[in-house]
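K.L.:
Input model.cif, format and content: mmCIF, N, CA and C atoms.
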data_model
loop_
_atom_site.label_atom_id
_atom_site.label_comp_id
_atom_site.auth_asym_id
_atom_site.auth_seq_id
_atom_site.Cartn_x
_atom_site.Cartn_y
_atom_site.Cartn_z
N MET A 24 -9.79 16.12 -4.85
CA MET A 24 -8.42 16.17 -5.35
C MET A 24 -7.42 16.22 -4.21
N PHE A 25 -7.71 17.04 -3.19
CA PHE A 25 -6.78 17.15 -2.07
C PHE A 25 -6.71 15.85 -1.29
N GLU A 26 -7.84 15.14 -1.23
CA GLU A 26 -7.85 13.85 -0.54
C GLU A 26 -6.87 12.89 -1.22
N PHE A 27 -6.89 12.84 -2.55
CA PHE A 27 -5.98 11.95 -3.27
C PHE A 27 -4.53 12.38 -3.08
N LEU A 28 -4.27 13.67 -3.03
CA LEU A 28 -2.91 14.16 -2.79
C LEU A 28 -2.43 13.78 -1.39
N ARG A 29 -3.33 13.85 -0.40
CA ARG A 29 -2.98 13.40 0.96
C ARG A 29 -2.71 11.90 0.95
N PHE A 30 -3.53 11.14 0.21
CA PHE A 30 -3.33 9.71 0.07
C PHE A 30 -1.95 9.43 -0.53
N ALA A 31 -1.58 10.16 -1.57
CA ALA A 31 -0.27 9.98 -2.21
C ALA A 31 0.87 10.34 -1.25
N ALA A 32 0.70 11.40 -0.47
CA ALA A 32 1.73 11.79 0.50
C ALA A 32 1.91 10.72 1.57
N VAL A 33 0.80 10.15 2.02
CA VAL A 33 0.88 9.05 2.99
C VAL A 33 1.57 7.85 2.34
N GLY A 34 1.29 7.62 1.07
CA GLY A 34 1.95 6.54 0.34
C GLY A 34 3.46 6.72 0.27
N ILE A 35 3.90 7.95 0.12
CA ILE A 35 5.34 8.24 0.12
C ILE A 35 5.93 7.93 1.50
N MET A 36 5.20 8.29 2.55
CA MET A 36 5.66 7.94 3.91
C MET A 36 5.76 6.43 4.07
N GLY A 37 4.78 5.72 3.52
CA GLY A 37 4.80 4.26 3.58
C GLY A 37 5.96 3.67 2.82
N PHE A 38 6.27 4.26 1.67
CA PHE A 38 7.41 3.80 0.88
C PHE A 38 8.72 3.99 1.64
N ILE A 39 8.86 5.13 2.30
CA ILE A 39 10.07 5.39 3.09
C ILE A 39 10.17 4.39 4.24
N ALA A 40 9.06 4.12 4.91
CA ALA A 40 9.06 3.12 5.98
C ALA A 40 9.39 1.74 5.44
N ASP A 41 8.86 1.42 4.28
CA ASP A 41 9.06 0.12 3.65
C ASP A 41 10.54 -0.09 3.30
N ILE A 42 11.09 0.84 2.55
CA ILE A 42 12.46 0.65 2.06
C ILE A 42 13.48 0.76 3.20
N SER A 43 13.24 1.65 4.16
CA SER A 43 14.21 1.79 5.25
C SER A 43 14.16 0.58 6.19
N SER A 44 12.95 0.08 6.50
CA SER A 44 12.89 -1.11 7.36
C SER A 44 13.45 -2.33 6.63
N PHE A 45 13.21 -2.44 5.33
CA PHE A 45 13.78 -3.54 4.54
C PHE A 45 15.30 -3.48 4.59
N TYR A 46 15.86 -2.30 4.39
CA TYR A 46 17.31 -2.14 4.41
C TYR A 46 17.88 -2.52 5.79
N ILE A 47 17.26 -2.03 6.84
CA ILE A 47 17.74 -2.32 8.20
C ILE A 47 17.64 -3.82 8.50
N LEU A 48 16.52 -4.42 8.15
CA LEU A 48 16.36 -5.86 8.41
C LEU A 48 17.38 -6.69 7.63
N MET A 49 17.66 -6.29 6.40
CA MET A 49 18.62 -7.03 5.57
C MET A 49 20.06 -6.80 6.01
N ASN A 50 20.41 -5.55 6.23
CA ASN A 50 21.82 -5.20 6.39
C ASN A 50 22.28 -5.07 7.84
N VAL A 51 21.38 -4.83 8.76
CA VAL A 51 21.75 -4.69 10.16
C VAL A 51 21.37 -5.95 10.95
N CYS A 52 20.20 -6.46 10.67
CA CYS A 52 19.67 -7.60 11.44
C CYS A 52 19.92 -8.95 10.76
N ASP A 53 20.47 -8.96 9.57
CA ASP A 53 20.79 -10.19 8.82
C ASP A 53 19.59 -11.09 8.55
N PHE A 54 18.45 -10.51 8.24
CA PHE A 54 17.28 -11.29 7.88
C PHE A 54 17.43 -11.84 6.47
N VAL A 55 16.81 -12.96 6.20
CA VAL A 55 16.73 -13.50 4.84
C VAL A 55 15.87 -12.54 4.03
N VAL A 56 16.15 -12.39 2.75
CA VAL A 56 15.52 -11.38 1.91
C VAL A 56 13.98 -11.48 1.94
N PHE A 57 13.43 -12.68 1.86
CA PHE A 57 11.98 -12.82 1.81
C PHE A 57 11.33 -12.49 3.16
N ASP A 58 12.00 -12.85 4.24
CA ASP A 58 11.49 -12.49 5.57
C ASP A 58 11.54 -10.97 5.77
N ALA A 59 12.66 -10.37 5.36
CA ALA A 59 12.80 -8.92 5.48
C ALA A 59 11.74 -8.21 4.66
N ARG A 60 11.46 -8.73 3.47
CA ARG A 60 10.46 -8.09 2.60
C ARG A 60 9.06 -8.19 3.20
N ALA A 61 8.73 -9.35 3.76
CA ALA A 61 7.41 -9.54 4.37
C ALA A 61 7.22 -8.62 5.57
N ILE A 62 8.22 -8.54 6.42
CA ILE A 62 8.13 -7.69 7.62
C ILE A 62 8.08 -6.22 7.22
N ALA A 63 8.89 -5.83 6.24
CA ALA A 63 8.89 -4.43 5.78
C ALA A 63 7.53 -4.07 5.18
N PHE A 64 6.92 -4.99 4.47
CA PHE A 64 5.59 -4.75 3.91
C PHE A 64 4.57 -4.51 5.02
N ILE A 65 4.62 -5.33 6.06
CA ILE A 65 3.69 -5.18 7.19
C ILE A 65 3.91 -3.82 7.87
N ILE A 66 5.15 -3.44 8.05
CA ILE A 66 5.46 -2.14 8.66
C ILE A 66 4.89 -1.01 7.79
N ALA A 67 5.09 -1.10 6.48
CA ALA A 67 4.59 -0.07 5.57
C ALA A 67 3.07 0.00 5.59
N VAL A 68 2.41 -1.15 5.66
CA VAL A 68 0.95 -1.17 5.70
C VAL A 68 0.45 -0.49 6.98
N ILE A 69 1.10 -0.77 8.09
CA ILE A 69 0.69 -0.14 9.36
C ILE A 69 0.92 1.37 9.32
N VAL A 70 2.06 1.78 8.77
CA VAL A 70 2.35 3.22 8.67
C VAL A 70 1.32 3.91 7.79
N THR A 71 0.99 3.31 6.64
CA THR A 71 0.02 3.96 5.75
C THR A 71 -1.40 3.90 6.32
N TRP A 72 -1.72 2.82 7.03
CA TRP A 72 -3.04 2.77 7.68
C TRP A 72 -3.17 3.91 8.69
N LEU A 73 -2.15 4.08 9.53
CA LEU A 73 -2.19 5.18 10.50
C LEU A 73 -2.26 6.54 9.82
N GLY A 74 -1.43 6.72 8.79
CA GLY A 74 -1.42 7.99 8.07
C GLY A 74 -2.76 8.28 7.40
N ASN A 75 -3.32 7.28 6.75
CA ASN A 75 -4.61 7.49 6.10
C ASN A 75 -5.73 7.67 7.12
N ARG A 76 -5.64 6.98 8.24
CA ARG A 76 -6.64 7.11 9.30
C ARG A 76 -6.60 8.52 9.91
N LEU A 77 -5.38 9.03 10.14
CA LEU A 77 -5.22 10.30 10.84
C LEU A 77 -5.19 11.52 9.92
N ILE A 78 -4.83 11.32 8.65
CA ILE A 78 -4.64 12.47 7.75
C ILE A 78 -5.65 12.45 6.59
N THR A 79 -5.62 11.40 5.80
CA THR A 79 -6.41 11.38 4.56
C THR A 79 -7.90 11.25 4.82
N PHE A 80 -8.28 10.29 5.67
CA PHE A 80 -9.70 9.99 5.90
C PHE A 80 -10.06 10.20 7.37
N LYS A 81 -9.60 11.27 7.96
CA LYS A 81 -9.77 11.48 9.40
C LYS A 81 -11.23 11.62 9.82
N GLY A 82 -12.12 11.91 8.90
CA GLY A 82 -13.53 12.05 9.24
C GLY A 82 -14.32 10.75 9.23
N ALA A 83 -13.67 9.65 8.89
CA ALA A 83 -14.39 8.37 8.74
C ALA A 83 -13.76 7.30 9.62
N ASN A 84 -13.62 7.56 10.89
CA ASN A 84 -12.91 6.65 11.79
C ASN A 84 -13.82 6.00 12.83
N SER A 85 -15.06 5.69 12.47
CA SER A 85 -15.99 5.19 13.47
C SER A 85 -15.84 3.68 13.73
N GLU A 86 -15.26 2.95 12.81
CA GLU A 86 -15.14 1.51 12.97
C GLU A 86 -14.02 1.16 13.95
N HIS A 87 -14.15 0.02 14.62
CA HIS A 87 -13.12 -0.43 15.57
C HIS A 87 -11.78 -0.55 14.84
N LYS A 88 -10.72 -0.13 15.48
CA LYS A 88 -9.40 -0.07 14.85
C LYS A 88 -8.93 -1.42 14.32
N SER A 89 -9.12 -2.50 15.08
CA SER A 89 -8.62 -3.80 14.63
C SER A 89 -9.35 -4.29 13.38
N ILE A 90 -10.65 -4.07 13.31
CA ILE A 90 -11.43 -4.45 12.12
C ILE A 90 -10.99 -3.61 10.93
N GLN A 91 -10.82 -2.32 11.18
CA GLN A 91 -10.39 -1.41 10.13
C GLN A 91 -9.01 -1.81 9.59
N LEU A 92 -8.09 -2.15 10.47
CA LEU A 92 -6.75 -2.56 10.05
C LEU A 92 -6.81 -3.84 9.23
N LEU A 93 -7.61 -4.80 9.62
CA LEU A 93 -7.74 -6.05 8.85
C LEU A 93 -8.28 -5.77 7.45
N LYS A 94 -9.29 -4.92 7.36
CA LYS A 94 -9.82 -4.54 6.05
C LYS A 94 -8.73 -3.85 5.21
N TYR A 95 -7.98 -2.99 5.86
CA TYR A 95 -6.92 -2.25 5.19
C TYR A 95 -5.87 -3.20 4.62
N ILE A 96 -5.49 -4.20 5.41
CA ILE A 96 -4.50 -5.18 4.96
C ILE A 96 -5.04 -5.95 3.75
N LEU A 97 -6.31 -6.34 3.79
CA LEU A 97 -6.91 -7.06 2.66
C LEU A 97 -6.90 -6.21 1.38
N VAL A 98 -7.22 -4.93 1.53
CA VAL A 98 -7.19 -4.04 0.37
C VAL A 98 -5.75 -3.90 -0.15
N ALA A 99 -4.79 -3.75 0.75
CA ALA A 99 -3.39 -3.60 0.35
C ALA A 99 -2.89 -4.86 -0.38
N LEU A 100 -3.25 -6.03 0.14
CA LEU A 100 -2.85 -7.28 -0.51
C LEU A 100 -3.50 -7.43 -1.88
N THR A 101 -4.77 -7.05 -1.99
CA THR A 101 -5.48 -7.13 -3.27
C THR A 101 -4.85 -6.18 -4.29
N ALA A 102 -4.60 -4.95 -3.87
CA ALA A 102 -3.99 -3.96 -4.77
C ALA A 102 -2.59 -4.41 -5.18
N GLY A 103 -1.85 -4.99 -4.25
CA GLY A 103 -0.51 -5.50 -4.57
C GLY A 103 -0.57 -6.64 -5.56
N ALA A 104 -1.53 -7.53 -5.41
CA ALA A 104 -1.68 -8.65 -6.34
C ALA A 104 -2.03 -8.15 -7.74
N ILE A 105 -2.91 -7.16 -7.80
CA ILE A 105 -3.28 -6.59 -9.10
C ILE A 105 -2.08 -5.89 -9.73
N ASN A 106 -1.33 -5.17 -8.94
CA ASN A 106 -0.10 -4.53 -9.40
C ASN A 106 0.82 -5.56 -10.05
N LEU A 107 1.08 -6.67 -9.35
CA LEU A 107 1.97 -7.70 -9.88
C LEU A 107 1.37 -8.39 -11.10
N PHE A 108 0.05 -8.60 -11.10
CA PHE A 108 -0.60 -9.22 -12.24
C PHE A 108 -0.44 -8.37 -13.50
N ILE A 109 -0.70 -7.07 -13.37
CA ILE A 109 -0.55 -6.16 -14.52
C ILE A 109 0.90 -6.16 -14.99
N PHE A 110 1.83 -6.03 -14.07
CA PHE A 110 3.26 -6.02 -14.40
C PHE A 110 3.65 -7.29 -15.15
N ASN A 111 3.33 -8.45 -14.58
CA ASN A 111 3.72 -9.72 -15.19
C ASN A 111 3.04 -9.93 -16.54
N SER A 112 1.77 -9.57 -16.64
CA SER A 112 1.04 -9.72 -17.91
C SER A 112 1.66 -8.89 -19.01
N LEU A 113 1.96 -7.64 -18.69
CA LEU A 113 2.55 -6.76 -19.71
C LEU A 113 3.94 -7.24 -20.12
N ILE A 114 4.72 -7.74 -19.17
CA ILE A 114 6.04 -8.29 -19.50
C ILE A 114 5.88 -9.48 -20.46
N LEU A 115 4.93 -10.37 -20.14
CA LEU A 115 4.70 -11.53 -21.01
C LEU A 115 4.22 -11.14 -22.40
N TRP A 116 3.56 -10.00 -22.52
CA TRP A 116 3.10 -9.50 -23.82
C TRP A 116 4.18 -8.71 -24.55
N GLY A 117 5.38 -8.63 -23.97
CA GLY A 117 6.49 -7.97 -24.63
C GLY A 117 6.58 -6.48 -24.41
N ILE A 118 5.85 -5.94 -23.45
CA ILE A 118 5.91 -4.50 -23.14
C ILE A 118 7.20 -4.23 -22.37
N LYS A 119 7.78 -3.05 -22.58
CA LYS A 119 9.01 -2.68 -21.88
C LYS A 119 8.81 -2.74 -20.36
N ILE A 120 9.86 -3.12 -19.66
CA ILE A 120 9.81 -3.29 -18.20
C ILE A 120 9.37 -2.01 -17.51
N GLN A 121 9.90 -0.87 -17.92
CA GLN A 121 9.56 0.40 -17.27
C GLN A 121 8.07 0.72 -17.41
N ILE A 122 7.53 0.48 -18.59
CA ILE A 122 6.11 0.75 -18.82
C ILE A 122 5.26 -0.23 -18.02
N ALA A 123 5.67 -1.49 -18.00
CA ALA A 123 4.94 -2.50 -17.22
C ALA A 123 4.98 -2.17 -15.74
N PHE A 124 6.13 -1.72 -15.25
CA PHE A 124 6.28 -1.37 -13.83
C PHE A 124 5.35 -0.22 -13.46
N VAL A 125 5.43 0.86 -14.22
CA VAL A 125 4.61 2.04 -13.93
C VAL A 125 3.12 1.71 -14.08
N SER A 126 2.76 0.92 -15.07
CA SER A 126 1.36 0.54 -15.26
C SER A 126 0.85 -0.27 -14.07
N GLY A 127 1.66 -1.19 -13.60
CA GLY A 127 1.27 -1.98 -12.43
C GLY A 127 1.13 -1.12 -11.19
N VAL A 128 2.09 -0.25 -10.96
CA VAL A 128 2.06 0.61 -9.78
C VAL A 128 0.85 1.54 -9.82
N LEU A 129 0.60 2.18 -10.95
CA LEU A 129 -0.53 3.11 -11.05
C LEU A 129 -1.86 2.39 -10.89
N THR A 130 -2.00 1.22 -11.52
CA THR A 130 -3.24 0.45 -11.36
C THR A 130 -3.43 0.03 -9.91
N GLY A 131 -2.36 -0.45 -9.29
CA GLY A 131 -2.43 -0.84 -7.88
C GLY A 131 -2.78 0.34 -6.99
N MET A 132 -2.23 1.50 -7.30
CA MET A 132 -2.50 2.69 -6.49
C MET A 132 -3.97 3.09 -6.59
N ILE A 133 -4.53 3.03 -7.79
CA ILE A 133 -5.94 3.39 -7.97
C ILE A 133 -6.84 2.39 -7.25
N VAL A 134 -6.55 1.10 -7.41
CA VAL A 134 -7.34 0.07 -6.72
C VAL A 134 -7.24 0.25 -5.21
N ASN A 135 -6.05 0.52 -4.74
CA ASN A 135 -5.81 0.73 -3.31
C ASN A 135 -6.61 1.93 -2.81
N TYR A 136 -6.54 3.04 -3.52
CA TYR A 136 -7.26 4.25 -3.12
C TYR A 136 -8.76 4.00 -3.07
N LEU A 137 -9.31 3.41 -4.12
CA LEU A 137 -10.76 3.17 -4.17
C LEU A 137 -11.20 2.18 -3.09
N GLY A 138 -10.40 1.13 -2.89
CA GLY A 138 -10.73 0.15 -1.86
C GLY A 138 -10.69 0.74 -0.47
N ILE A 139 -9.70 1.58 -0.23
CA ILE A 139 -9.57 2.22 1.08
C ILE A 139 -10.69 3.24 1.29
N LYS A 140 -10.94 4.06 0.25
CA LYS A 140 -11.96 5.11 0.37
C LYS A 140 -13.35 4.53 0.57
N PHE A 141 -13.70 3.50 -0.18
CA PHE A 141 -15.08 3.00 -0.15
C PHE A 141 -15.26 1.72 0.67
N GLY A 142 -14.16 1.07 1.05
CA GLY A 142 -14.28 -0.16 1.80
C GLY A 142 -13.78 -0.10 3.22
N VAL A 143 -12.76 0.71 3.45
CA VAL A 143 -12.15 0.78 4.78
C VAL A 143 -12.58 2.03 5.52
N PHE A 144 -12.44 3.17 4.89
CA PHE A 144 -12.73 4.45 5.53
C PHE A 144 -14.01 5.07 5.01
N LYS A 145 -14.96 4.26 4.62
CA LYS A 145 -16.22 4.79 4.12
C LYS A 145 -16.91 5.60 5.21
N SER A 146 -17.45 6.69 4.81
CA SER A 146 -18.12 7.58 5.77
C SER A 146 -19.44 6.97 6.20
N THR A 147 -19.74 7.07 7.48
CA THR A 147 -21.00 6.53 8.01
C THR A 147 -22.03 7.64 8.17
N VAL A 148 -21.76 8.80 7.61
CA VAL A 148 -22.67 9.94 7.73
C VAL A 148 -23.86 9.77 6.82
#
Kindly present the structure from the file in structure tokens form.

P.N.:
Amino acid sequence: MFEFLRFAAVGIMGFIADISSFYILMNVCDFVVFDARAIAFIIAVIVTWLGNRLITFKGANSEHKSIQLLKYILVALTAGAINLFIFNSLILWGIKIQIAFVSGVLTGMIVNYLGIKFGVFKSTV
């Protein structure tokens, strides 16, 4: 349970990094919205990878960092795609936007957690 709470706390740090870098790229650096979003996503993934590596799953860091980061990015992209799939599907089925949004986010979060726990930071003990 505490591991999942640490994972969620790292996710909040990632969200702060995501939204603040997106805002800065859009409003200070004059980036196009899609470029700013892509770069902010990458920044958030790196922040959460570091946080999960150092805080949530600190006992499972035996793999080379670059390989681990690539696996982490793949899991994040997969979880994000599932999040959007659930959201879009529920919208098409006439479900309220708020329910579709929360359902997508929660499903993506669970997929992300399981993928990271068992695919990226799996214990080699």

K.L.:
Grab the atom CA of A:Lys94 to atom CA of A:Met132 distance for me, in Å with one decimal place.

P.N.:
16.2 Å

K.L.:
Do you have the atom CA of A:Ile120-atom C of A:Ala104 distance handy?

P.N.:
16.5 Å

K.L.:
Between atom CA of A:Cys52 and atom CA of A:Ala40, what is the spacing in Å?

P.N.:
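A separation of 16.0 Å between them.
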
K.L.:
The PyMOL selection byres (((chain A and resi 96 and name CA) around 12) and name CA) - which residues does that actually catch in the file I just gave you? List them as a PyMOL selection string.

P.N.:
chain A and resi 64-73+89-95+97-103+135+138-139+142-143

K.L.:
Specify the axis-aligned box that encloses all atoms of stretch 67-70 of chain A listed in the file after padding of 5 Å on each side, stating its centre and edge lengths in Å to one decimal as lines of an AutoDock Vina configuration file.

P.N.:
center_x = 2.8
center_y = 1.4
center_z = 7.5
size_x = 14.6
size_y = 15.1
size_z = 13.8

K.L.:
Out of A:Trp116, A:Phe54, A:Phe124, A:Tyr136, which residue has the shortest atom-to-atom distance to A:Phe30 when counting all atoms listed in the file?

P.N.:
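Selected residue with least distance to A:Phe30: A:Tyr136.
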
K.L.:
Using the chain letters and residue numbers of this document, give as a ChimeraX atom specification the residues selected by the PyMOL selection byres (((chain A and resi 128 and name CA) around 10) and name CA).

P.N.:
/A:102-103,105-107,109-110,122-127,129-134

K.L.:
Residues of chain A classed as alpha helix (DSSP H) by DSSP on the backbone are to be reported as a PyMOL selection string.

P.N.:
chain A and resi 25-50+56-74+88-115+120-138

K.L.:
Give me, as a list in words, all polymer residues having an atom no more than 8 Å from A:Asp58, counting all atoms listed in the file and skipping those fewer than 3 positions away in the same chain.

P.N.:
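Counting only the stated atoms, we get Phe45, Leu48, Met49, Phe54, Val55, Ala61, Ile62, Ala63 and Phe64 of chain A.
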